[in-house]
$ cat work.txt   # compact mmCIF, N, CA and C atoms and all ligand atoms
# COMPACT_ATOMS: atom_id res chain seq x y z
N MET A 12 111.02 75.01 104.27
CA MET A 12 110.51 76.40 104.24
C MET A 12 111.68 77.37 104.18
N HIS A 13 111.60 78.33 103.28
CA HIS A 13 112.67 79.31 103.10
C HIS A 13 112.29 80.64 103.74
N THR A 14 113.25 81.29 104.31
CA THR A 14 113.04 82.67 104.73
C THR A 14 113.42 83.55 103.54
N ILE A 15 112.96 84.79 103.56
CA ILE A 15 113.29 85.69 102.45
C ILE A 15 114.80 85.92 102.38
N GLU A 16 115.47 85.94 103.51
CA GLU A 16 116.94 86.12 103.51
C GLU A 16 117.62 84.98 102.77
N GLN A 17 117.17 83.75 103.03
CA GLN A 17 117.75 82.60 102.34
C GLN A 17 117.48 82.68 100.84
N LEU A 18 116.28 83.15 100.48
CA LEU A 18 115.94 83.24 99.07
C LEU A 18 116.78 84.30 98.36
N VAL A 19 116.97 85.43 99.04
CA VAL A 19 117.82 86.49 98.47
C VAL A 19 119.22 85.94 98.24
N ASP A 20 119.72 85.16 99.19
CA ASP A 20 121.04 84.54 99.03
C ASP A 20 121.08 83.60 97.84
N SER A 21 120.01 82.80 97.64
CA SER A 21 120.05 81.87 96.51
C SER A 21 119.97 82.62 95.19
N ILE A 22 119.22 83.75 95.15
CA ILE A 22 119.18 84.54 93.91
C ILE A 22 120.59 85.07 93.62
N LYS A 23 121.24 85.59 94.66
CA LYS A 23 122.58 86.15 94.49
C LYS A 23 123.56 85.11 93.97
N SER A 24 123.36 83.85 94.38
CA SER A 24 124.28 82.82 93.91
C SER A 24 123.80 82.20 92.61
N GLY A 25 122.79 82.81 91.98
CA GLY A 25 122.36 82.39 90.65
C GLY A 25 121.25 81.36 90.61
N ASN A 26 120.75 80.98 91.78
CA ASN A 26 119.69 79.96 91.83
C ASN A 26 118.30 80.62 91.91
N GLU A 27 117.87 81.18 90.76
CA GLU A 27 116.57 81.85 90.75
C GLU A 27 115.42 80.86 90.79
N ILE A 28 115.67 79.65 90.31
CA ILE A 28 114.63 78.62 90.31
C ILE A 28 114.12 78.37 91.73
N ALA A 29 115.04 78.32 92.67
CA ALA A 29 114.65 78.09 94.07
C ALA A 29 113.70 79.18 94.54
N PHE A 30 113.96 80.40 94.10
CA PHE A 30 113.08 81.51 94.46
C PHE A 30 111.71 81.35 93.83
N TYR A 31 111.69 81.10 92.50
CA TYR A 31 110.41 81.01 91.81
C TYR A 31 109.55 79.83 92.27
N LYS A 32 110.17 78.86 92.90
CA LYS A 32 109.41 77.70 93.38
C LYS A 32 109.00 77.84 94.84
N SER A 33 109.49 78.89 95.50
CA SER A 33 109.25 79.02 96.93
C SER A 33 107.81 79.46 97.22
N MET A 34 107.30 79.05 98.37
CA MET A 34 105.98 79.46 98.82
C MET A 34 105.90 80.98 98.96
N VAL A 35 107.01 81.58 99.41
CA VAL A 35 107.05 83.03 99.60
C VAL A 35 106.69 83.73 98.29
N TRP A 36 107.33 83.27 97.20
CA TRP A 36 107.06 83.88 95.90
C TRP A 36 105.66 83.53 95.38
N LEU A 37 105.28 82.26 95.48
CA LEU A 37 103.99 81.85 94.93
C LEU A 37 102.85 82.60 95.60
N ARG A 38 103.00 82.83 96.90
CA ARG A 38 101.99 83.58 97.63
C ARG A 38 101.99 85.06 97.21
N LYS A 39 103.18 85.62 97.08
CA LYS A 39 103.32 87.03 96.69
C LYS A 39 102.76 87.24 95.29
N ARG A 40 103.07 86.28 94.40
CA ARG A 40 102.62 86.37 93.02
C ARG A 40 101.09 86.46 92.95
N LYS A 41 100.42 85.58 93.71
CA LYS A 41 98.96 85.58 93.74
C LYS A 41 98.42 86.90 94.27
N GLN A 42 99.10 87.39 95.31
CA GLN A 42 98.67 88.65 95.93
C GLN A 42 98.77 89.82 94.94
N ILE A 43 99.84 89.84 94.14
CA ILE A 43 100.03 90.93 93.18
C ILE A 43 99.01 90.82 92.03
N LEU A 44 98.76 89.60 91.57
CA LEU A 44 97.76 89.41 90.52
C LEU A 44 96.39 89.91 90.99
N LYS A 45 96.06 89.61 92.23
CA LYS A 45 94.79 90.04 92.80
C LYS A 45 94.76 91.57 92.91
N ARG A 46 95.87 92.15 93.40
CA ARG A 46 95.97 93.61 93.53
C ARG A 46 95.70 94.29 92.18
N ASP A 47 96.24 93.68 91.09
CA ASP A 47 96.11 94.26 89.77
C ASP A 47 94.86 93.75 89.03
N ASN A 48 93.95 93.14 89.75
CA ASN A 48 92.71 92.60 89.15
C ASN A 48 92.96 91.63 88.00
N TYR A 49 94.06 90.89 88.06
CA TYR A 49 94.41 89.89 87.04
C TYR A 49 94.44 90.53 85.66
N GLU A 50 94.81 91.80 85.62
CA GLU A 50 94.80 92.57 84.39
C GLU A 50 96.21 93.03 84.06
N CYS A 51 96.61 92.92 82.80
CA CYS A 51 97.94 93.40 82.41
C CYS A 51 97.99 94.91 82.57
N GLN A 52 98.94 95.38 83.37
CA GLN A 52 99.00 96.80 83.70
C GLN A 52 99.57 97.64 82.56
N HIS A 53 100.36 97.05 81.69
CA HIS A 53 100.86 97.81 80.54
C HIS A 53 99.76 97.97 79.50
N CYS A 54 98.99 96.91 79.25
CA CYS A 54 97.86 97.02 78.32
C CYS A 54 96.84 98.02 78.86
N LYS A 55 96.62 97.98 80.15
CA LYS A 55 95.67 98.87 80.79
C LYS A 55 96.03 100.34 80.53
N LEU A 56 97.34 100.64 80.63
CA LEU A 56 97.81 102.01 80.37
C LEU A 56 97.49 102.45 78.94
N LYS A 57 97.46 101.47 78.02
CA LYS A 57 97.16 101.79 76.62
C LYS A 57 95.66 101.72 76.34
N GLY A 58 94.87 101.53 77.40
CA GLY A 58 93.42 101.48 77.24
C GLY A 58 92.90 100.16 76.71
N MET A 59 93.72 99.10 76.85
CA MET A 59 93.29 97.79 76.38
C MET A 59 93.17 96.84 77.58
N TYR A 60 92.48 95.73 77.34
CA TYR A 60 92.40 94.74 78.40
C TYR A 60 93.09 93.44 77.97
N SER A 61 94.00 92.95 78.80
CA SER A 61 94.55 91.61 78.63
C SER A 61 94.65 90.96 79.99
N LYS A 62 94.42 89.66 79.99
CA LYS A 62 94.56 88.93 81.24
C LYS A 62 96.04 88.88 81.63
N ALA A 63 96.34 89.17 82.89
CA ALA A 63 97.72 89.09 83.35
C ALA A 63 98.11 87.62 83.50
N GLU A 64 99.31 87.30 83.02
CA GLU A 64 99.77 85.90 83.10
C GLU A 64 101.06 85.78 83.89
N THR A 65 101.69 86.90 84.14
CA THR A 65 103.02 86.90 84.74
C THR A 65 103.14 88.05 85.71
N VAL A 66 103.87 87.84 86.79
CA VAL A 66 104.21 88.96 87.67
C VAL A 66 105.68 89.29 87.42
N HIS A 67 105.91 90.51 86.99
CA HIS A 67 107.23 90.95 86.55
C HIS A 67 107.93 91.78 87.63
N HIS A 68 109.25 91.59 87.74
CA HIS A 68 110.07 92.43 88.60
C HIS A 68 110.51 93.67 87.82
N ILE A 69 110.03 94.85 88.22
CA ILE A 69 110.34 96.08 87.50
C ILE A 69 111.86 96.30 87.51
N LYS A 70 112.45 96.24 88.69
CA LYS A 70 113.91 96.18 88.79
C LYS A 70 114.27 94.71 88.81
N HIS A 71 115.01 94.29 87.82
CA HIS A 71 115.19 92.86 87.59
C HIS A 71 115.76 92.12 88.80
N LEU A 72 115.21 90.93 88.97
CA LEU A 72 115.53 90.09 90.12
C LEU A 72 117.04 89.91 90.33
N LYS A 73 117.73 89.65 89.22
CA LYS A 73 119.18 89.42 89.30
C LYS A 73 119.93 90.64 89.84
N ASP A 74 119.50 91.83 89.40
CA ASP A 74 120.18 93.06 89.78
C ASP A 74 119.78 93.56 91.16
N TYR A 75 118.52 93.28 91.54
CA TYR A 75 118.01 93.77 92.83
C TYR A 75 117.33 92.64 93.62
N PRO A 76 118.08 91.62 94.00
CA PRO A 76 117.45 90.49 94.69
C PRO A 76 116.74 90.91 95.99
N GLU A 77 117.21 91.99 96.60
CA GLU A 77 116.57 92.42 97.85
C GLU A 77 115.17 93.00 97.62
N LEU A 78 114.83 93.29 96.33
CA LEU A 78 113.49 93.79 96.02
C LEU A 78 112.58 92.66 95.51
N ALA A 79 113.00 91.42 95.72
CA ALA A 79 112.31 90.25 95.16
C ALA A 79 110.82 90.21 95.48
N ILE A 80 110.43 90.57 96.68
CA ILE A 80 109.00 90.50 97.02
C ILE A 80 108.47 91.85 97.50
N GLU A 81 109.06 92.94 97.01
CA GLU A 81 108.56 94.29 97.31
C GLU A 81 107.36 94.59 96.40
N ASP A 82 106.22 94.92 96.98
CA ASP A 82 105.03 95.21 96.18
C ASP A 82 105.30 96.26 95.10
N ASN A 83 106.05 97.30 95.46
CA ASN A 83 106.32 98.40 94.54
C ASN A 83 107.17 97.98 93.34
N ASN A 84 107.86 96.85 93.48
CA ASN A 84 108.73 96.39 92.40
C ASN A 84 108.05 95.33 91.53
N LEU A 85 106.79 95.04 91.81
CA LEU A 85 106.11 93.95 91.10
C LEU A 85 104.91 94.48 90.33
N ILE A 86 104.72 93.93 89.13
CA ILE A 86 103.62 94.37 88.28
C ILE A 86 103.09 93.18 87.48
N SER A 87 101.77 93.11 87.31
CA SER A 87 101.16 92.01 86.56
C SER A 87 101.15 92.37 85.08
N LEU A 88 101.63 91.42 84.26
CA LEU A 88 101.70 91.64 82.82
C LEU A 88 101.18 90.43 82.05
N CYS A 89 100.70 90.69 80.81
CA CYS A 89 100.38 89.57 79.93
C CYS A 89 101.71 89.08 79.32
N ASN A 90 101.69 87.92 78.68
CA ASN A 90 102.95 87.39 78.14
C ASN A 90 103.54 88.29 77.06
N VAL A 91 102.67 88.92 76.25
CA VAL A 91 103.17 89.79 75.18
C VAL A 91 103.97 90.94 75.78
N CYS A 92 103.37 91.64 76.77
CA CYS A 92 104.08 92.77 77.39
C CYS A 92 105.30 92.29 78.16
N HIS A 93 105.21 91.12 78.75
CA HIS A 93 106.35 90.62 79.50
C HIS A 93 107.53 90.36 78.57
N ASN A 94 107.25 89.85 77.39
CA ASN A 94 108.35 89.60 76.45
C ASN A 94 108.95 90.91 75.93
N ILE A 95 108.12 91.97 75.87
CA ILE A 95 108.64 93.27 75.44
C ILE A 95 109.63 93.81 76.48
N VAL A 96 109.32 93.65 77.77
CA VAL A 96 110.24 94.15 78.80
C VAL A 96 111.45 93.23 79.00
N HIS A 97 111.39 92.03 78.43
CA HIS A 97 112.52 91.08 78.52
C HIS A 97 112.96 90.62 77.15
N PRO A 98 113.51 91.52 76.34
CA PRO A 98 113.93 91.07 75.00
C PRO A 98 114.93 89.93 75.06
N GLU A 99 115.68 89.84 76.15
CA GLU A 99 116.69 88.79 76.29
C GLU A 99 116.07 87.41 76.46
N LYS A 100 114.77 87.37 76.78
CA LYS A 100 114.12 86.07 77.01
C LYS A 100 113.47 85.51 75.76
N LEU A 101 113.48 86.26 74.66
CA LEU A 101 112.72 85.85 73.48
C LEU A 101 112.98 84.42 73.06
N LYS A 102 114.22 83.98 73.22
CA LYS A 102 114.57 82.63 72.78
C LYS A 102 113.88 81.54 73.57
N ILE A 103 113.45 81.87 74.78
CA ILE A 103 112.87 80.81 75.63
C ILE A 103 111.40 81.05 75.94
N ILE A 104 110.72 81.80 75.07
CA ILE A 104 109.30 82.11 75.32
C ILE A 104 108.49 80.85 75.60
N LYS A 105 108.61 79.88 74.73
CA LYS A 105 107.77 78.68 74.86
C LYS A 105 107.95 78.02 76.21
N LYS A 106 109.20 77.87 76.58
CA LYS A 106 109.53 77.25 77.85
C LYS A 106 108.92 78.03 79.01
N GLU A 107 109.01 79.36 78.90
CA GLU A 107 108.53 80.22 79.99
C GLU A 107 107.02 80.11 80.15
N ILE A 108 106.28 80.13 79.03
CA ILE A 108 104.83 80.05 79.10
C ILE A 108 104.41 78.75 79.77
N VAL A 109 105.05 77.66 79.38
CA VAL A 109 104.72 76.37 79.96
C VAL A 109 104.93 76.39 81.48
N SER A 110 106.09 76.95 81.90
CA SER A 110 106.35 76.91 83.33
C SER A 110 105.42 77.86 84.09
N GLU A 111 105.05 78.99 83.48
CA GLU A 111 104.11 79.89 84.15
C GLU A 111 102.76 79.21 84.35
N GLU A 112 102.31 78.50 83.34
CA GLU A 112 100.98 77.88 83.43
C GLU A 112 100.90 76.84 84.53
N ARG A 113 102.03 76.25 84.82
CA ARG A 113 102.02 75.25 85.89
C ARG A 113 101.63 75.84 87.24
N TRP A 114 101.82 77.16 87.39
CA TRP A 114 101.56 77.75 88.71
C TRP A 114 100.15 78.32 88.83
N GLU A 115 99.35 78.25 87.76
CA GLU A 115 98.01 78.84 87.83
C GLU A 115 97.11 78.05 88.76
ZN ZN B 201 99.90 93.41 78.16
ZN ZN B 202 109.87 89.84 84.13
$ encode --input "work.txt" --output "structure tokens" --more "lines below"
Ligand SMILES: [Zn+2]
Ligand SMILES: [Zn+2]
Amino acid sequence: MHTIEQLVDSIKSGNEIAFYKSMVWLRKRKQILKRDNYECQHCKLKGMYSKAETVHHIKHLKDYPELAIEDNNLISLCNVCHNIVHPEKLKIIKKEIVSEERWE
């Protein structure tokens, strides 16, 4: 079992996988999806409906590890919107979708 302090430390040392696999995150992720009614919040702003598939860190995890599980820093997005906010991830879309689905 990890404490949030330990998780913040592992993010800082580049081990984000440990964070994404932690119970702390998996529980928080579910809570945020529920808060957002499992609806993509960016699509919602445009008056559209998409099922949320990802919980995104508004201030990126690497840059703000201390905001890793802050409700205000988390937002539910569909994969399309998530890829728009992470242009740097485009190369690994397939891999990301597969790993996200494992947590559903
Ligand atoms: Zn969307
Ligand atoms: Zn993200």
$ residues_around --input "work.txt" --residues "stretch 79-91 of chain A" --least-positions-apart "5" --cutoff "5 Å" --atoms "all atoms listed in the file" --output "count of residues only"
10
$ atom_distance --input "work.txt" --atom1 "atom N of A:Trp36" --atom2 "atom C of A:Pro76"
12.2 Å
$ atom_distance --input "work.txt" --atom1 "atom CA of A:Ser24" --atom2 "atom CA of A:Leu44"
27.5 Å
$ atom_distance --input "work.txt" --atom1 "atom CA of A:Leu18" --atom2 "atom CA of A:Phe30"
5.7 Å
$ closest_residue --input "work.txt" --among "A:Pro98, A:Gly58, A:Cys92, A:Leu72" --to "ligand ZN 201 (chain B)" --atoms "only N, CA and C atoms and all ligand atoms"
A:Cys92
$ closest_residue --input "work.txt" --among "A:Glu99, A:Gln42, A:Ile22, A:His93" --to "ligand ZN 202 (chain B)" --atoms "only C-alpha atoms and all ligand atoms"
A:His93
$ closest_residue --input "work.txt" --among "A:Val96, A:Cys54, A:Met59, A:Leu78" --to "ligand ZN 201 (chain B)" --atoms "only N, CA and C atoms and all ligand atoms"
A:Cys54
$ closest_residue --input "work.txt" --among "A:Glu50, A:His97, A:Ser21, A:Lys70" --to "ligand ZN 201 (chain B)" --atoms "all atoms listed in the file"
A:Glu50
